[in-house]
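Following: one structure in structure tokens, then a few remarks.
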Amino acid sequence: MPVNKDDLLSKLKSAGVSYDVYEHPAAMTVEEQSEALSGHSGVVIKNLLLKDKRHRLYIISALASTNVDLKLLSARLGTGKGGITFAPEELVDAVLKVPLGSVTPLAVVNPEAKDVALLLDHKIRQESKVFVHPLVNTVSLALSPSALDAALRACGREPIYVDLEADPKIDKENPPDLAAYAPAVAAAAPFMEQLAEKQAAALAAPSTSSAPPAKAKGKDKKAAAPASPQQTSNATNVSARTEEVLQKVCQALLGCKFEEVKVSDPYVLARLRADVEMSLNAFKNAAYTTGYTAGKAEIVGYAERKYA
């Protein structure tokens, strides 16, 4: 059974952790949480659930003002260029066992999150108090940095603080400085397989609303030239297609480039990019599945006709 808010507060109380509890309307973003707690002393921290290419998961907890550069973080963790992205929303519930908008460093209390790495912004230690959700986004706990450390230890984790804005030299003589903190287990792997299968099945399902394509007649029939390996590679490059879609939509609707879009919370754009990339990946998987099924049926049909 996942740990709930009351279980967590009881655990912290038993461990002698000092904290203040503030109830407020559901806060889905840092801005909403800050507004809800505007009359109280403390600093809201942002919490990002990230995934690397090997399906390992990370919670990054940082001050709202701290710049978390995913490309730089990927290099420092040793996951390669572009190796870190925002995790699909489904993993928030599946792995952390908290609702959307409730990602928190305290989520590591759940057994399902035992293989999720937690990295804390070293600037947190400079604040007198910080606010974190106790597994739900309708409540915030105000803790001193030392109390946060005690809370994490009560949850079974030793706090790890890093300078998230550092840009160390990384080469053969200088290995990635945060690689030791990358988890050994790919916590997201089984859920990603299930999610990909579900989305591929949904996309591959035949449509009942569209009419079958008209067949070419007589002399109008022309054999399509096979795509070159380079064309196929370009067409199935999901990262490139994601960038193309985002740029075209922004130009059409806003008259600017995607990176020029102004929003109060940069997480919104990063989340959008991750969602588009996830959807395109599912579409590609569905196309592969459909092509394999059609090809297999054609081969079987040919064999039956030839050897019947």
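In the structure tokens, chains take letters A, B, ... by order of appearance, with residues numbered from 1 within each chain and ligands from 1 in the order shown.
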Report as a PyMOL selection string: the residues of segment 23-176 of chain A with a DSSP assignment of strand (DSSP E or B), based on the backbone of this structure. chain A and resi 23+43-52+57-63+84-86+117-121+130-132+139-143+161-162
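Neighbours of Val130 of chain A closer than or equal to 9 Å, with only C-alpha atoms counted and sequence neighbours fewer than 4 positions away skipped, come out as Ser41, Gly42, Val43, Val44, Ile45, Leu63, Ile124, Leu141, Ala142, Leu143, Ser144, Pro145 and Leu148 of chain A.
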For a test of reading the model, state the distance in Å between atom CA of Glu197 of chain A and atom CA of Pro99 of chain A, rounded to one decimal. 22.8 Å
Write out as a short mmCIF file (atom, residue, chain, number, x, y, z; two decimals) with all heavy atoms, in the first residue's frame which residues come within 6 Å of segment 158-168 of chain A when counting only C-alpha atoms, dropping same-chain ones fewer than 6 positions away.
data_model
loop_
_atom_site.label_atom_id
_atom_site.label_comp_id
_atom_site.auth_asym_id
_atom_site.auth_seq_id
_atom_site.Cartn_x
_atom_site.Cartn_y
_atom_site.Cartn_z
N LEU A 119 18.03 14.51 -6.06
CA LEU A 119 19.09 15.50 -5.98
C LEU A 119 18.50 16.83 -5.53
O LEU A 119 17.50 17.30 -6.10
CB LEU A 119 19.79 15.67 -7.33
CG LEU A 119 20.50 14.43 -7.89
CD1 LEU A 119 21.14 14.75 -9.23
CD2 LEU A 119 21.54 13.91 -6.91
N LEU A 120 19.11 17.44 -4.52
CA LEU A 120 18.62 18.68 -3.95
C LEU A 120 19.54 19.84 -4.29
O LEU A 120 20.77 19.71 -4.27
CB LEU A 120 18.52 18.54 -2.42
CG LEU A 120 17.62 17.42 -1.91
CD1 LEU A 120 17.99 17.04 -0.48
CD2 LEU A 120 16.17 17.82 -1.98
N ASP A 121 18.94 20.97 -4.58
CA ASP A 121 19.68 22.20 -4.86
C ASP A 121 20.43 22.66 -3.61
O ASP A 121 19.83 22.81 -2.54
CB ASP A 121 18.67 23.27 -5.31
CG ASP A 121 19.31 24.59 -5.69
OD1 ASP A 121 20.55 24.69 -5.68
OD2 ASP A 121 18.54 25.53 -5.98
N HIS A 122 21.74 22.89 -3.72
CA HIS A 122 22.51 23.28 -2.54
C HIS A 122 22.08 24.64 -1.98
O HIS A 122 22.33 24.96 -0.82
CB HIS A 122 24.01 23.29 -2.87
CG HIS A 122 24.46 24.46 -3.67
ND1 HIS A 122 25.56 25.22 -3.33
CD2 HIS A 122 23.95 25.04 -4.79
CE1 HIS A 122 25.72 26.20 -4.22
NE2 HIS A 122 24.76 26.10 -5.11
N ASP A 149 16.28 17.67 6.03
CA ASP A 149 17.24 16.57 6.06
C ASP A 149 16.73 15.45 6.98
O ASP A 149 16.79 14.27 6.63
CB ASP A 149 18.60 17.06 6.57
CG ASP A 149 19.29 17.97 5.57
OD1 ASP A 149 18.81 18.09 4.43
OD2 ASP A 149 20.32 18.57 5.95
#
Please return as a count of residues only: the residues of segment 19-234 of chain A that backbone DSSP assigns to helix (DSSP H, G or I). 73
When you look at segment 241-253 of chain A with a cut-off of 8 Å (counting only C-alpha atoms), what residues show up, excluding the ones that are within fewer than 3 positions of it in the same chain? I need them as a ChimeraX atom specification. /A:235-238,256-258,261,273,276-277,280
Got time to write the residues from that selection, N, CA, C and O atoms, as an mmCIF file, in the first residue's frame?
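See result.cif below for the written result:
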data_model
loop_
_atom_site.group_PDB
_atom_site.id
_atom_site.type_symbol
_atom_site.label_atom_id
_atom_site.label_comp_id
_atom_site.auth_asym_id
_atom_site.auth_seq_id
_atom_site.Cartn_x
_atom_site.Cartn_y
_atom_site.Cartn_z
ATOM 1 N N ALA A 235 12.856 10.651 -41.340
ATOM 2 C CA ALA A 235 11.413 10.626 -41.066
ATOM 3 C C ALA A 235 11.103 10.042 -39.697
ATOM 4 O O ALA A 235 10.093 10.381 -39.092
ATOM 5 N N THR A 236 11.949 9.137 -39.210
ATOM 6 C CA THR A 236 11.673 8.484 -37.930
ATOM 7 C C THR A 236 12.474 9.072 -36.777
ATOM 8 O O THR A 236 12.476 8.525 -35.681
ATOM 9 N N ASN A 237 13.141 10.204 -37.014
ATOM 10 C CA ASN A 237 13.873 10.888 -35.946
ATOM 11 C C ASN A 237 12.869 11.663 -35.097
ATOM 12 O O ASN A 237 12.450 12.763 -35.456
ATOM 13 N N VAL A 238 12.442 11.089 -33.990
ATOM 14 C CA VAL A 238 11.370 11.670 -33.186
ATOM 15 C C VAL A 238 11.752 13.029 -32.613
ATOM 16 O O VAL A 238 10.932 13.954 -32.592
ATOM 17 N N CYS A 256 5.980 33.357 -33.676
ATOM 18 C CA CYS A 256 7.340 33.385 -33.129
ATOM 19 C C CYS A 256 7.874 31.968 -33.037
ATOM 20 O O CYS A 256 7.143 30.992 -33.235
ATOM 21 N N LYS A 257 9.164 31.844 -32.740
ATOM 22 C CA LYS A 257 9.776 30.541 -32.563
ATOM 23 C C LYS A 257 9.370 29.960 -31.212
ATOM 24 O O LYS A 257 8.993 30.689 -30.294
ATOM 25 N N PHE A 258 9.470 28.654 -31.088
ATOM 26 C CA PHE A 258 9.077 27.991 -29.847
ATOM 27 C C PHE A 258 9.875 28.530 -28.668
ATOM 28 O O PHE A 258 9.330 28.777 -27.593
ATOM 29 N N VAL A 261 8.606 31.817 -27.018
ATOM 30 C CA VAL A 261 7.300 31.880 -26.353
ATOM 31 C C VAL A 261 7.495 32.312 -24.903
ATOM 32 O O VAL A 261 8.355 31.784 -24.189
ATOM 33 N N ARG A 273 6.843 19.863 -24.701
ATOM 34 C CA ARG A 273 7.813 19.187 -25.566
ATOM 35 C C ARG A 273 7.843 17.685 -25.265
ATOM 36 O O ARG A 273 7.845 16.850 -26.172
ATOM 37 N N VAL A 276 4.629 15.977 -26.605
ATOM 38 C CA VAL A 276 4.633 15.824 -28.062
ATOM 39 C C VAL A 276 5.580 14.694 -28.465
ATOM 40 O O VAL A 276 5.249 13.850 -29.315
ATOM 41 N N GLU A 277 6.762 14.657 -27.855
ATOM 42 C CA GLU A 277 7.741 13.622 -28.195
ATOM 43 C C GLU A 277 7.204 12.234 -27.841
ATOM 44 O O GLU A 277 7.380 11.273 -28.589
ATOM 45 N N LEU A 280 4.588 11.254 -30.474
ATOM 46 C CA LEU A 280 5.207 10.884 -31.744
ATOM 47 C C LEU A 280 5.890 9.518 -31.652
ATOM 48 O O LEU A 280 5.888 8.739 -32.601
#
I want to know what sits within 9 Å of Ala187 of chain A, based on only C-alpha atoms, with residues of the same chain fewer than 5 positions away left out; could you give that as a CSV table (one decimal) with C-alpha atoms, in the first residue's frame?
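Contents of the output file around_25.csv:
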chain,number,residue,atom,x,y,z
A,55,HIS,CA,14.4,4.8,-18.2
A,56,ARG,CA,16.1,5.7,-14.9
A,57,LEU,CA,14.2,8.3,-12.8
A,95,VAL,CA,6.1,5.3,-9.5
A,112,GLU,CA,7.8,2.1,-5.3
A,113,ALA,CA,10.1,5.1,-5.5
A,114,LYS,CA,13.1,3.3,-3.9
A,115,ASP,CA,15.1,3.4,-7.2
A,116,VAL,CA,14.4,7.0,-8.0
List the neighbours of Ser102 of chain A out to 12 Å using only C-alpha atoms; skip same-chain residues closer than 4 positions along the sequence, and give me the result as number ranges by chain. A: 5, 26-30, 33, 45-49, 59, 89, 92-93, 96-98, 106-107, 132-140
Hey, can you spit out that residue selection with N, CA, C and O atoms as a CSV table (one decimal), in the first residue's frame?
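Listing of part38.csv after writing:
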chain,number,residue,atom,x,y,z
A,5,LYS,N,-0.7,10.9,3.1
A,5,LYS,CA,-0.3,12.1,3.8
A,5,LYS,C,-0.2,11.8,5.3
A,5,LYS,O,0.8,12.2,6.0
A,26,ALA,N,-5.7,23.4,-4.1
A,26,ALA,CA,-4.8,22.6,-4.9
A,26,ALA,C,-3.9,23.5,-5.7
A,26,ALA,O,-4.4,24.4,-6.3
A,27,ALA,N,-2.6,23.3,-5.6
A,27,ALA,CA,-1.6,24.1,-6.3
A,27,ALA,C,-0.8,23.2,-7.2
A,27,ALA,O,-0.1,22.4,-6.9
A,28,MET,N,-1.1,23.4,-8.6
A,28,MET,CA,-0.5,22.6,-9.6
A,28,MET,C,0.9,23.1,-10.0
A,28,MET,O,1.7,22.4,-10.6
A,29,THR,N,1.2,24.4,-9.7
A,29,THR,CA,2.4,25.0,-10.1
A,29,THR,C,3.1,25.7,-9.0
A,29,THR,O,2.5,25.9,-7.9
A,30,VAL,N,4.4,26.1,-9.2
A,30,VAL,CA,5.1,26.8,-8.2
A,30,VAL,C,4.4,28.2,-7.9
A,30,VAL,O,4.3,28.6,-6.7
A,33,GLN,N,1.3,27.7,-5.7
A,33,GLN,CA,1.7,27.4,-4.3
A,33,GLN,C,2.3,28.6,-3.6
A,33,GLN,O,1.9,28.9,-2.5
A,45,ILE,N,9.8,25.5,-3.3
A,45,ILE,CA,10.8,24.8,-4.2
A,45,ILE,C,10.1,24.1,-5.4
A,45,ILE,O,8.9,23.6,-5.2
A,46,LYS,N,10.7,24.1,-6.5
A,46,LYS,CA,10.2,23.3,-7.6
A,46,LYS,C,10.7,21.9,-7.6
A,46,LYS,O,11.9,21.7,-7.2
A,47,ASN,N,9.9,21.0,-8.1
A,47,ASN,CA,10.3,19.6,-8.0
A,47,ASN,C,10.0,19.0,-9.4
A,47,ASN,O,8.8,19.0,-9.9
A,48,LEU,N,11.0,18.5,-10.0
A,48,LEU,CA,10.9,18.0,-11.4
A,48,LEU,C,11.2,16.4,-11.4
A,48,LEU,O,12.1,16.0,-10.8
A,49,LEU,N,10.3,15.7,-12.1
A,49,LEU,CA,10.5,14.3,-12.2
A,49,LEU,C,11.1,14.1,-13.6
A,49,LEU,O,10.4,14.4,-14.6
A,59,ILE,N,14.3,12.8,-9.2
A,59,ILE,CA,13.6,13.9,-8.7
A,59,ILE,C,14.6,15.0,-8.4
A,59,ILE,O,15.6,14.8,-7.7
A,89,GLU,N,3.7,12.0,-17.6
A,89,GLU,CA,2.9,12.3,-16.4
A,89,GLU,C,2.4,11.0,-15.7
A,89,GLU,O,2.2,11.0,-14.5
A,92,VAL,N,4.2,9.8,-12.6
A,92,VAL,CA,4.0,10.5,-11.3
A,92,VAL,C,3.2,9.6,-10.3
A,92,VAL,O,3.5,9.4,-9.2
A,93,ASP,N,2.1,9.1,-10.9
A,93,ASP,CA,1.3,8.2,-10.1
A,93,ASP,C,1.8,6.8,-10.0
A,93,ASP,O,1.8,6.1,-8.9
A,96,LEU,N,5.8,7.3,-8.2
A,96,LEU,CA,5.9,8.1,-7.0
A,96,LEU,C,4.7,7.9,-6.1
A,96,LEU,O,4.7,8.2,-4.9
A,97,LYS,N,3.6,7.5,-6.7
A,97,LYS,CA,2.3,7.3,-6.0
A,97,LYS,C,1.8,8.6,-5.4
A,97,LYS,O,1.2,8.6,-4.3
A,98,VAL,N,1.9,9.6,-6.2
A,98,VAL,CA,1.3,10.9,-5.8
A,98,VAL,C,0.5,11.5,-6.9
A,98,VAL,O,0.8,11.1,-8.1
A,106,LEU,N,9.7,14.3,-0.6
A,106,LEU,CA,9.2,13.3,0.4
A,106,LEU,C,8.5,12.1,-0.3
A,106,LEU,O,8.2,11.1,0.4
A,107,ALA,N,8.4,12.1,-1.6
A,107,ALA,CA,7.8,11.0,-2.3
A,107,ALA,C,8.7,9.7,-2.2
A,107,ALA,O,8.2,8.6,-2.5
A,132,VAL,N,7.3,22.2,1.2
A,132,VAL,CA,7.2,21.0,0.4
A,132,VAL,C,5.9,20.3,0.6
A,132,VAL,O,5.3,20.5,1.7
A,133,HIS,N,5.3,19.7,-0.4
A,133,HIS,CA,4.1,19.0,-0.3
A,133,HIS,C,4.3,17.7,0.4
A,133,HIS,O,5.2,16.9,0.1
A,134,PRO,N,3.4,17.3,1.3
A,134,PRO,CA,3.4,16.0,2.0
A,134,PRO,C,2.6,15.0,1.2
A,134,PRO,O,1.6,14.4,1.7
A,135,LEU,N,3.0,14.8,-0.1
A,135,LEU,CA,2.4,13.8,-1.0
A,135,LEU,C,1.1,14.2,-1.6
A,135,LEU,O,0.5,13.5,-2.5
A,136,VAL,N,0.5,15.4,-1.2
A,136,VAL,CA,-0.7,16.0,-1.8
A,136,VAL,C,-0.4,17.5,-2.0
A,136,VAL,O,0.3,18.1,-1.3
A,137,ASN,N,-1.1,18.1,-3.1
A,137,ASN,CA,-0.8,19.5,-3.3
A,137,ASN,C,-1.8,20.4,-2.7
A,137,ASN,O,-1.9,21.6,-3.1
A,138,THR,N,-2.6,19.9,-1.7
A,138,THR,CA,-3.5,20.8,-1.0
A,138,THR,C,-3.0,21.1,0.4
A,138,THR,O,-3.7,21.8,1.2
A,139,VAL,N,-1.8,20.7,0.7
A,139,VAL,CA,-1.1,20.9,1.9
A,139,VAL,C,0.4,21.2,1.7
A,139,VAL,O,1.0,20.6,0.8
A,140,SER,N,1.0,22.1,2.5
A,140,SER,CA,2.4,22.3,2.4
A,140,SER,C,3.0,22.3,3.8
A,140,SER,O,2.4,22.7,4.7
Report, in Å to a single decimal, how far apart atom CA of Ala154 of chain A and atom CA of Leu12 of chain A are.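 Interatomic distance here is 6.5 Å.
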